Amino acid sequence: MQNDIKATHQKEAVEALKRVVKHPSSATDPAPDAPFGQPIRDALDEMMQICDELGFKTYTDPDGNYGYAEVGEGEEIFGILGHVDVVPAGDTADWSHDPFELVVENGVAYGRGVQDDKGPSIAALYAVKALMDAGVTFKERIRFIFGTDEETLWRGIAVYQQKEDPITHGIAPDSEFPVTYAEKGLQQSYFVGPGSTEFSLKMQHAFNAVPAKAQYNGPKLAEVKAALDDFGFDYETDENGITVTGKSVHAMLAPNGTNAVLRLAMALDQVFPDGPLGLIGRCFKEDATGTNLMGDVADEASGHLTINISNIEVSPEETRMQVDMRIPVTVDHDELIEKMTKKVAEYGYRYEDFDYLAPLYVPKDSELVEKLMTVYREVTGDDTEPQVSGGATYARTMNQCVAFGAMLPGVPDYMHQVDEQWELEKMFTAMDIYAAAIKAIVGD
Ligand SMILES: [Zn+2]
């Protein structure tokens with residue numbers, strides 16, 4: 001009988017996942033009451049409808065920034081943070097299935113969002129549903145909070161923070177098991193300095209990846225090649241000039257990559273020594289730990305700082321460098337920025353803030369982390385230690401909140417990728433972990 005009930009919840013979870021996956025909820029132009037586009041609003045409404053059907057009390061922000069669903073009584077709130085938006089599917093022809101039509105094949109569910117973050121949200125939701133059906137009562141309110149633009153600028157969850165009750169503690173099922181108890185501070189910014197009339201650079205790279213290519217087709221091409229040769233840097237030549245080549249990795253792993261833009265800038269600084277790239281050529285070089293700029297910045301809780309300069313544009317008016325920095329959790333942000341601002345000023349640059357996400361740090365010996373780890377080990381028998389990450393989840397937006405699952409160790413990472421998929425057995429194990437953890441923390 002118990003197994004029948006379990007099988008029913010599993011089946012219902014997959015059906016619910018199908019309903020939310022069908023909305024292609026990546027950010028588009030705003031529509032009325034849909035600040036990040038109608039598909040995201042539709043996905044939010046669908047999720048809230050599911051919660052409503054399961055017996056949760058629901059509230060949807062009328063402006064469409066967030067929604068929440070609640071069960072249980074009490075002053076305190078155990079928050080479970082998810083998001084209904086997804087990254088775009090890209091060219092759907094590259095997918096083996098329609099990304100917005102959940103297909104289960106050989107026990108694997110395919111669809112955009114099944115790993116990030118529709119699948120994990122649904123797994124946690126049906127874990128709570130299983131507890132409700134088993135007659136478990138809760139000494140706190142369990143509140144699912146759904147954000148709407150996690151893949152872009154986190155404006156939806158910011159409106160939640162302004163308007164709604166803070167949580168007492170909680171989890172974000174939007175990462176990996178076991179627990180991520182530290183996420184580095186994430187600072188994106190610009191260094192802006194003098195331009196050049198001798199040469200120009202134009203490119204368009206994202207903040208969060210180490211660029212593998214950098215093109216140059218301007219004056220003194222032969223000299224630039226010679227400088228690259230002197231450094232021993234790789235490049236290709238064709239009718240478009242020079243393309244310096246490197247190795248792309250996520251910005252949080254910048255020291256493991258090879259940054260083609262920095263290598264080109266170092267060569268250009270050799271050829272145009274009175275130009276604007278001395279900051280790179282004579283100071284920063286290609287050290288993605290930022291030591292040349294700020295000294296050795298690290299802590300025991302979360303390791304070394306990383307920094308990625310992914311884009312450098314040079315025009316006659318200005319030079320603009322795009323900077324992504326992951327700051328260890330116990331390091332003072334303002335002091336660090338002050339130090340950096342002084343250093344870049346020596347090379348004629350000013351510091352310009354773009355976006356900052358404060359770090360997450362809930363110590364390993366805190367009650368929350370210890371309870372989650374105990375349950376995780378009991379259910380899985382796996383003794384992986386709590387994790388530190390340079391990545392960012394909603395957990396960092398709230399009090400006493402950590403990322404917890406839903407990917408088990410060894411599960412291939414399909415987040416943001418073509419053919420996003422999740423093995424259902426793994427999803428069901430995640431449901432078991434969530435049910436046991438939530439019962440241990442908020443069960444009466
Ligand atoms: Zn996510």
# chains A, B, ... in the order shown; residues from 1 in each chain; ligands from 1
>>> residues_around(residues="Ile441 in chain A", least_positions_apart="4", cutoff="10 Å", atoms="only C-alpha atoms", output="MDAnalysis selection string")
chainID A and resid 78 138:140 170 367:368 371:372 375 436:437
>>> write_last_selection(atoms="all heavy atoms", output="compact mmCIF listing (two decimals), in the first residue's frame")
# COMPACT_ATOMS: atom_id res chain seq x y z
N PHE A 78 9.64 28.11 6.75
CA PHE A 78 10.69 27.37 6.07
C PHE A 78 10.48 27.59 4.57
O PHE A 78 9.50 27.14 4.00
CB PHE A 78 10.61 25.88 6.42
CG PHE A 78 11.70 25.05 5.79
CD1 PHE A 78 12.98 25.06 6.33
CD2 PHE A 78 11.46 24.31 4.65
CE1 PHE A 78 14.00 24.32 5.75
CE2 PHE A 78 12.48 23.57 4.06
CZ PHE A 78 13.75 23.57 4.61
N PHE A 138 2.91 20.27 10.36
CA PHE A 138 4.11 21.10 10.34
C PHE A 138 4.04 22.16 11.43
O PHE A 138 3.02 22.82 11.59
CB PHE A 138 4.27 21.76 8.97
CG PHE A 138 4.23 20.76 7.84
CD1 PHE A 138 3.18 20.77 6.92
CD2 PHE A 138 5.23 19.81 7.70
CE1 PHE A 138 3.14 19.85 5.88
CE2 PHE A 138 5.20 18.88 6.67
CZ PHE A 138 4.15 18.90 5.76
N LYS A 139 5.15 22.34 12.15
CA LYS A 139 5.18 23.32 13.23
C LYS A 139 5.55 24.72 12.73
O LYS A 139 5.59 25.68 13.49
CB LYS A 139 6.13 22.86 14.34
CG LYS A 139 7.57 22.76 13.90
CD LYS A 139 8.44 22.17 14.99
CE LYS A 139 9.86 22.00 14.48
NZ LYS A 139 10.63 21.00 15.19
N GLU A 140 5.89 24.78 11.45
CA GLU A 140 6.14 26.08 10.81
C GLU A 140 5.36 26.10 9.50
O GLU A 140 4.94 25.07 9.02
CB GLU A 140 7.63 26.24 10.47
CG GLU A 140 8.55 26.13 11.65
CD GLU A 140 10.02 26.27 11.25
OE1 GLU A 140 10.31 26.64 10.10
OE2 GLU A 140 10.86 26.01 12.11
N GLY A 170 15.73 28.09 5.13
CA GLY A 170 15.17 27.41 3.97
C GLY A 170 16.21 26.81 3.05
O GLY A 170 17.41 26.76 3.37
N GLU A 367 22.88 24.50 12.56
CA GLU A 367 21.83 23.49 12.74
C GLU A 367 21.26 23.07 11.38
O GLU A 367 21.04 21.88 11.11
CB GLU A 367 20.74 24.08 13.63
CG GLU A 367 19.80 23.04 14.18
CD GLU A 367 18.63 23.65 14.94
OE1 GLU A 367 18.74 24.81 15.40
OE2 GLU A 367 17.60 22.95 15.07
N LEU A 368 21.01 24.05 10.52
CA LEU A 368 20.39 23.76 9.22
C LEU A 368 21.26 22.82 8.39
O LEU A 368 20.79 21.80 7.89
CB LEU A 368 20.15 25.08 8.45
CG LEU A 368 19.57 24.93 7.05
CD1 LEU A 368 18.15 24.37 7.09
CD2 LEU A 368 19.58 26.28 6.30
N LYS A 371 21.50 19.26 9.94
CA LYS A 371 20.29 18.45 9.75
C LYS A 371 20.15 17.97 8.31
O LYS A 371 19.84 16.80 8.07
CB LYS A 371 19.04 19.26 10.14
CG LYS A 371 18.77 19.25 11.63
CD LYS A 371 17.40 19.84 11.94
CE LYS A 371 17.13 19.72 13.45
NZ LYS A 371 15.99 20.52 13.89
N LEU A 372 20.38 18.86 7.37
CA LEU A 372 20.26 18.47 5.96
C LEU A 372 21.28 17.40 5.61
O LEU A 372 20.96 16.43 4.91
CB LEU A 372 20.43 19.69 5.04
CG LEU A 372 19.33 20.76 5.11
CD1 LEU A 372 19.74 22.00 4.32
CD2 LEU A 372 17.99 20.22 4.58
N VAL A 375 20.23 13.91 7.10
CA VAL A 375 19.17 13.27 6.33
C VAL A 375 19.71 12.78 4.98
O VAL A 375 19.45 11.65 4.56
CB VAL A 375 17.99 14.23 6.11
CG1 VAL A 375 17.02 13.66 5.09
CG2 VAL A 375 17.29 14.52 7.43
N ALA A 436 12.19 13.57 3.54
CA ALA A 436 12.82 13.24 4.83
C ALA A 436 13.41 14.49 5.48
O ALA A 436 13.28 14.68 6.70
CB ALA A 436 13.90 12.18 4.61
N ALA A 437 14.01 15.36 4.68
CA ALA A 437 14.65 16.56 5.22
C ALA A 437 13.60 17.53 5.78
O ALA A 437 13.76 18.07 6.88
CB ALA A 437 15.50 17.25 4.15
>>> select_by_dssp(residues="range 200-326 of chain A", states="strand (DSSP E or B)", output="ChimeraX atom specification")
/A:201,209,213-216,235-238,241-245,247,250,258,298-299,303-304,306-314,318-326
>>> write_last_selection(atoms="N, CA and C atoms", output="short mmCIF file (atom, residue, chain, number, x, y, z; two decimals), in the first residue's frame")
data_model
loop_
_atom_site.label_atom_id
_atom_site.label_comp_id
_atom_site.auth_asym_id
_atom_site.auth_seq_id
_atom_site.Cartn_x
_atom_site.Cartn_y
_atom_site.Cartn_z
N LEU A 201 39.04 48.19 -30.84
CA LEU A 201 38.62 46.81 -30.58
C LEU A 201 37.12 46.80 -30.37
N ALA A 209 31.68 33.94 -18.96
CA ALA A 209 32.49 32.89 -19.57
C ALA A 209 33.86 33.44 -19.96
N LYS A 213 38.05 33.20 -27.98
CA LYS A 213 38.46 33.84 -29.23
C LYS A 213 38.51 35.35 -29.05
N ALA A 214 39.50 35.97 -29.73
CA ALA A 214 39.57 37.43 -29.75
C ALA A 214 40.17 37.84 -31.09
N GLN A 215 39.42 38.68 -31.81
CA GLN A 215 39.84 39.07 -33.15
C GLN A 215 40.48 40.44 -33.19
N TYR A 216 41.48 40.55 -34.07
CA TYR A 216 42.07 41.87 -34.31
C TYR A 216 42.35 42.01 -35.80
N TYR A 235 47.30 31.62 -32.11
CA TYR A 235 46.37 32.44 -32.89
C TYR A 235 46.27 31.87 -34.29
N GLU A 236 45.19 32.29 -34.98
CA GLU A 236 44.99 31.89 -36.37
C GLU A 236 44.92 33.16 -37.21
N THR A 237 45.28 33.04 -38.50
CA THR A 237 45.16 34.20 -39.38
C THR A 237 44.32 33.84 -40.59
N ASP A 238 43.53 34.81 -41.04
CA ASP A 238 42.80 34.67 -42.30
C ASP A 238 42.50 36.07 -42.83
N GLY A 241 42.01 38.98 -40.47
CA GLY A 241 43.08 39.38 -39.56
C GLY A 241 43.49 38.24 -38.65
N ILE A 242 43.68 38.58 -37.36
CA ILE A 242 44.17 37.60 -36.40
C ILE A 242 43.03 37.18 -35.47
N THR A 243 42.96 35.90 -35.19
CA THR A 243 42.07 35.44 -34.11
C THR A 243 42.93 34.73 -33.07
N VAL A 244 43.06 35.36 -31.90
CA VAL A 244 43.77 34.72 -30.79
C VAL A 244 42.84 33.65 -30.22
N THR A 245 43.39 32.48 -29.93
CA THR A 245 42.55 31.39 -29.44
C THR A 245 42.94 31.00 -28.01
N LYS A 247 40.87 28.96 -24.24
CA LYS A 247 40.00 27.87 -23.79
C LYS A 247 38.90 28.45 -22.91
N HIS A 250 33.54 28.35 -17.53
CA HIS A 250 32.67 29.26 -16.79
C HIS A 250 33.54 30.23 -15.97
N THR A 258 41.78 29.66 -20.62
CA THR A 258 42.80 30.49 -21.28
C THR A 258 42.05 31.62 -21.96
N ALA A 298 41.70 35.27 -0.44
CA ALA A 298 41.15 33.92 -0.25
C ALA A 298 40.66 33.79 1.18
N ASP A 299 39.82 32.81 1.44
CA ASP A 299 39.50 32.45 2.82
C ASP A 299 39.34 30.94 2.93
N GLY A 303 37.78 29.42 -0.41
CA GLY A 303 38.87 29.36 -1.39
C GLY A 303 39.27 30.72 -1.95
N HIS A 304 39.83 30.71 -3.16
CA HIS A 304 40.44 31.91 -3.74
C HIS A 304 39.45 32.71 -4.56
N THR A 306 38.22 34.62 -7.84
CA THR A 306 38.47 34.48 -9.27
C THR A 306 37.99 35.74 -9.98
N ILE A 307 38.65 36.07 -11.09
CA ILE A 307 38.25 37.26 -11.85
C ILE A 307 38.40 36.97 -13.34
N ASN A 308 37.40 37.41 -14.10
CA ASN A 308 37.37 37.16 -15.54
C ASN A 308 37.09 38.48 -16.26
N ILE A 309 38.07 38.91 -17.09
CA ILE A 309 37.84 40.07 -17.96
C ILE A 309 37.53 39.50 -19.34
N SER A 310 36.26 39.55 -19.73
CA SER A 310 35.82 38.80 -20.92
C SER A 310 35.67 39.67 -22.15
N ASN A 311 35.65 40.97 -21.98
CA ASN A 311 35.35 41.85 -23.11
C ASN A 311 36.15 43.14 -22.96
N ILE A 312 36.85 43.54 -24.01
CA ILE A 312 37.57 44.81 -23.99
C ILE A 312 37.25 45.55 -25.28
N GLU A 313 36.63 46.70 -25.15
CA GLU A 313 36.34 47.51 -26.33
C GLU A 313 37.15 48.80 -26.25
N VAL A 314 37.79 49.11 -27.38
CA VAL A 314 38.60 50.32 -27.46
C VAL A 314 38.05 51.19 -28.59
N GLU A 318 36.84 55.94 -25.41
CA GLU A 318 37.12 55.25 -24.14
C GLU A 318 37.52 53.79 -24.39
N THR A 319 38.11 53.21 -23.34
CA THR A 319 38.31 51.76 -23.31
C THR A 319 37.45 51.22 -22.20
N ARG A 320 36.71 50.13 -22.51
CA ARG A 320 35.76 49.58 -21.53
C ARG A 320 36.02 48.10 -21.38
N MET A 321 36.36 47.69 -20.16
CA MET A 321 36.62 46.28 -19.86
C MET A 321 35.50 45.75 -18.98
N GLN A 322 35.05 44.56 -19.31
CA GLN A 322 33.94 43.93 -18.60
C GLN A 322 34.51 42.90 -17.63
N VAL A 323 34.10 43.01 -16.36
CA VAL A 323 34.76 42.25 -15.29
C VAL A 323 33.75 41.41 -14.49
N ASP A 324 34.04 40.15 -14.33
CA ASP A 324 33.22 39.25 -13.49
C ASP A 324 34.10 38.70 -12.39
N MET A 325 33.71 38.96 -11.14
CA MET A 325 34.58 38.58 -10.03
C MET A 325 33.78 37.77 -9.01
N ARG A 326 34.36 36.67 -8.54
CA ARG A 326 33.72 35.81 -7.52
C ARG A 326 34.53 35.95 -6.24
#
>>> residues_around(residues="Gln38 in chain A", least_positions_apart="4", cutoff="9 Å", atoms="only C-alpha atoms", output="ChimeraX atom specification")
/A:25,27-34,42-43
>>> residues_around(residues="Glu150 in chain A", least_positions_apart="6", cutoff="10 Å", atoms="only C-alpha atoms", output="list in words")
Ser26, Ala27, Gly82, His83, Val84, Asp85, Val86, Val87, Asp117, Gly156, Ile157, Ala392, Thr393 and Tyr394 of chain A
>>> residues_around(residues="range 382-388 of chain A", least_positions_apart="4", cutoff="9 Å", atoms="only C-alpha atoms", output="list in words")
Glu176, Phe177, Pro178, Val179, Thr180, Tyr181, Ala182, Glu183, Lys184, Ala301, Ser302, Gly303, Lys364, Val369, Met373, Tyr376, Arg377, Glu378 and Pro409 of chain A
>>> closest_residue(among="A:Gly348, A:Gly111, A:Gly391, A:Pro194", to="ligand 1", atoms="only C-alpha atoms and all ligand atoms")
A:Gly391
>>> select_by_dssp(residues="range 47-155 of chain A", states="alpha helix (DSSP H)", output="list in words")
Met47, Met48, Gln49, Ile50, Cys51, Asp52, Glu53, Lys118, Gly119, Pro120, Ser121, Ile122, Ala123, Ala124, Leu125, Tyr126, Ala127, Val128, Lys129, Ala130, Leu131, Met132, Asp133 and Arg155 of chain A
>>> write_last_selection(atoms="C-alpha atoms", output="CSV table (one decimal), in the first residue's frame")
chain,number,residue,atom,x,y,z
A,47,MET,CA,2.8,26.4,-11.2
A,48,MET,CA,0.5,28.3,-8.8
A,49,GLN,CA,-2.5,26.4,-10.2
A,50,ILE,CA,-0.7,23.1,-9.5
A,51,CYS,CA,0.0,24.2,-5.9
A,52,ASP,CA,-3.6,25.2,-5.5
A,53,GLU,CA,-4.8,21.8,-6.7
A,118,LYS,CA,11.2,23.1,-13.0
A,119,GLY,CA,12.1,19.5,-12.3
A,120,PRO,CA,13.7,20.2,-8.9
A,121,SER,CA,10.9,22.5,-7.9
A,122,ILE,CA,8.3,19.9,-8.7
A,123,ALA,CA,10.3,17.2,-6.9
A,124,ALA,CA,10.3,19.3,-3.7
A,125,LEU,CA,6.6,20.2,-4.1
A,126,TYR,CA,5.5,16.6,-4.4
A,127,ALA,CA,7.8,15.7,-1.5
A,128,VAL,CA,5.7,18.0,0.7
A,129,LYS,CA,2.5,16.6,-0.9
A,130,ALA,CA,3.6,13.1,0.2
A,131,LEU,CA,4.1,14.4,3.7
A,132,MET,CA,0.7,16.0,3.7
A,133,ASP,CA,-0.9,12.8,2.5
A,155,ARG,CA,14.2,41.4,-10.4
>>> closest_residue(among="A:Pro328, A:Pro363, A:Gly72, A:Pro39", to="Gln187 in chain A", atoms="only C-alpha atoms")
A:Pro328
>>> atom_distance(atom1="CA of Tyr434 in chain A", atom2="CA of Gly67 in chain A")
20.7 Å
>>> atom_distance(atom1="CA of Leu336 in chain A", atom2="CA of Met294 in chain A")
7.4 Å
>>> residues_around(residues="Val344 in chain A", least_positions_apart="4", cutoff="8 Å", atoms="only C-alpha atoms", output="list in words")
Phe191, Leu279, Leu293, Met340, Gly348, Tyr349, Arg350 and Tyr351 of chain A
>>> write_last_selection(atoms="all heavy atoms", output="JSON list (two decimals), in the first residue's frame")
[["chain", "number", "residue", "atom", "x", "y", "z"],
["A", 191, "PHE", "N", 35.79, 48.37, -15.97],
["A", 191, "PHE", "CA", 36.90, 49.31, -15.83],
["A", 191, "PHE", "C", 36.83, 50.21, -17.05],
["A", 191, "PHE", "O", 36.85, 49.72, -18.18],
["A", 191, "PHE", "CB", 38.26, 48.59, -15.84],
["A", 191, "PHE", "CG", 38.47, 47.61, -14.71],
["A", 191, "PHE", "CD1", 39.34, 46.53, -14.88],
["A", 191, "PHE", "CD2", 37.84, 47.77, -13.47],
["A", 191, "PHE", "CE1", 39.55, 45.62, -13.84],
["A", 191, "PHE", "CE2", 38.05, 46.87, -12.44],
["A", 191, "PHE", "CZ", 38.92, 45.79, -12.63],
["A", 279, "LEU", "N", 47.03, 48.57, -18.29],
["A", 279, "LEU", "CA", 46.40, 47.90, -17.14],
["A", 279, "LEU", "C", 46.50, 46.37, -17.29],
["A", 279, "LEU", "O", 46.76, 45.66, -16.32],
["A", 279, "LEU", "CB", 44.94, 48.35, -17.02],
["A", 279, "LEU", "CG", 44.10, 47.64, -15.96],
["A", 279, "LEU", "CD1", 44.66, 47.84, -14.55],
["A", 279, "LEU", "CD2", 42.65, 48.11, -16.01],
["A", 293, "LEU", "N", 46.26, 42.38, -9.18],
["A", 293, "LEU", "CA", 45.44, 43.58, -9.02],
["A", 293, "LEU", "C", 45.15, 43.88, -7.55],
["A", 293, "LEU", "O", 45.16, 45.02, -7.11],
["A", 293, "LEU", "CB", 44.12, 43.35, -9.76],
["A", 293, "LEU", "CG", 43.30, 44.53, -10.26],
["A", 293, "LEU", "CD1", 44.13, 45.40, -11.18],
["A", 293, "LEU", "CD2", 42.06, 44.02, -11.00],
["A", 340, "MET", "N", 40.78, 47.81, -5.34],
["A", 340, "MET", "CA", 40.82, 47.61, -6.79],
["A", 340, "MET", "C", 40.69, 48.95, -7.52],
["A", 340, "MET", "O", 41.37, 49.20, -8.51],
["A", 340, "MET", "CB", 39.67, 46.68, -7.18],
["A", 340, "MET", "CG", 39.78, 46.18, -8.58],
["A", 340, "MET", "SD", 38.71, 44.76, -8.83],
["A", 340, "MET", "CE", 37.17, 45.56, -8.85],
["A", 348, "GLY", "N", 44.94, 54.84, -15.23],
["A", 348, "GLY", "CA", 44.01, 55.77, -15.89],
["A", 348, "GLY", "C", 42.58, 55.27, -15.97],
["A", 348, "GLY", "O", 41.77, 55.81, -16.72],
["A", 349, "TYR", "N", 42.23, 54.23, -15.20],
["A", 349, "TYR", "CA", 40.88, 53.66, -15.27],
["A", 349, "TYR", "C", 40.05, 54.03, -14.04],
["A", 349, "TYR", "O", 40.58, 54.22, -12.95],
["A", 349, "TYR", "CB", 40.95, 52.13, -15.37],
["A", 349, "TYR", "CG", 41.30, 51.67, -16.76],
["A", 349, "TYR", "CD1", 42.61, 51.75, -17.24],
["A", 349, "TYR", "CD2", 40.31, 51.18, -17.61],
["A", 349, "TYR", "CE1", 42.92, 51.36, -18.53],
["A", 349, "TYR", "CE2", 40.62, 50.78, -18.90],
["A", 349, "TYR", "CZ", 41.92, 50.87, -19.36],
["A", 349, "TYR", "OH", 42.22, 50.48, -20.62],
["A", 350, "ARG", "N", 38.72, 54.08, -14.27],
["A", 350, "ARG", "CA", 37.81, 54.18, -13.13],
["A", 350, "ARG", "C", 36.98, 52.92, -13.05],
["A", 350, "ARG", "O", 36.79, 52.20, -14.02],
["A", 350, "ARG", "CB", 36.93, 55.42, -13.24],
["A", 350, "ARG", "CG", 35.96, 55.39, -14.39],
["A", 350, "ARG", "CD", 35.18, 56.73, -14.50],
["A", 350, "ARG", "NE", 34.63, 56.88, -15.84],
["A", 350, "ARG", "CZ", 33.50, 56.31, -16.25],
["A", 350, "ARG", "NH1", 32.81, 55.56, -15.43],
["A", 350, "ARG", "NH2", 33.06, 56.47, -17.49],
["A", 351, "TYR", "N", 36.48, 52.65, -11.83],
["A", 351, "TYR", "CA", 35.67, 51.46, -11.56],
["A", 351, "TYR", "C", 34.20, 51.82, -11.70],
["A", 351, "TYR", "O", 33.75, 52.83, -11.17],
["A", 351, "TYR", "CB", 35.96, 50.98, -10.14],
["A", 351, "TYR", "CG", 35.07, 49.86, -9.68],
["A", 351, "TYR", "CD1", 35.39, 48.55, -9.97],
["A", 351, "TYR", "CD2", 33.89, 50.12, -8.97],
["A", 351, "TYR", "CE1", 34.57, 47.51, -9.55],
["A", 351, "TYR", "CE2", 33.07, 49.09, -8.56],
["A", 351, "TYR", "CZ", 33.40, 47.79, -8.86],
["A", 351, "TYR", "OH", 32.59, 46.78, -8.46]]
>>> residues_around(residues="Gly275 in chain A", least_positions_apart="2", cutoff="12 Å", atoms="only C-alpha atoms", output="number ranges by chain")
A: 193-200, 265-273, 277-282, 314-316, 318-319, 347-348
>>> write_last_selection(atoms="C-alpha atoms", output="tab-separated table (two decimals), in the first residue's frame")
chain	number	residue	atom	x	y	z
A	193	GLY	CA	39.66	54.27	-19.19
A	194	PRO	CA	41.09	56.42	-22.00
A	195	GLY	CA	40.43	55.49	-25.62
A	196	SER	CA	42.85	55.26	-28.53
A	197	THR	CA	43.14	56.84	-31.97
A	198	GLU	CA	45.80	54.29	-33.00
A	199	PHE	CA	43.62	51.16	-33.00
A	200	SER	CA	40.17	49.99	-31.98
A	265	ALA	CA	45.41	42.86	-25.06
A	266	MET	CA	48.90	41.91	-23.81
A	267	ALA	CA	50.18	41.76	-27.39
A	268	LEU	CA	48.52	45.07	-28.30
A	269	ASP	CA	50.11	46.71	-25.26
A	270	GLN	CA	53.54	45.63	-26.56
A	271	VAL	CA	52.85	47.12	-29.99
A	272	PHE	CA	51.13	50.29	-28.74
A	273	PRO	CA	53.00	50.99	-25.47
A	277	LEU	CA	46.05	48.64	-22.38
A	278	GLY	CA	48.85	49.04	-19.83
A	279	LEU	CA	46.40	47.90	-17.14
A	280	ILE	CA	46.41	44.46	-18.75
A	281	GLY	CA	49.91	44.36	-20.28
A	282	ARG	CA	51.80	45.65	-17.26
A	314	VAL	CA	38.60	50.32	-27.46
A	315	SER	CA	37.25	53.39	-29.27
A	316	PRO	CA	38.65	56.90	-29.66
A	318	GLU	CA	37.12	55.25	-24.14
A	319	THR	CA	38.31	51.76	-23.31
A	347	TYR	CA	46.57	53.03	-15.16
A	348	GLY	CA	44.01	55.77	-15.89
>>> atom_distance(atom1="CA of Lys11 in chain A", atom2="CA of Gly64 in chain A")
29.3 Å
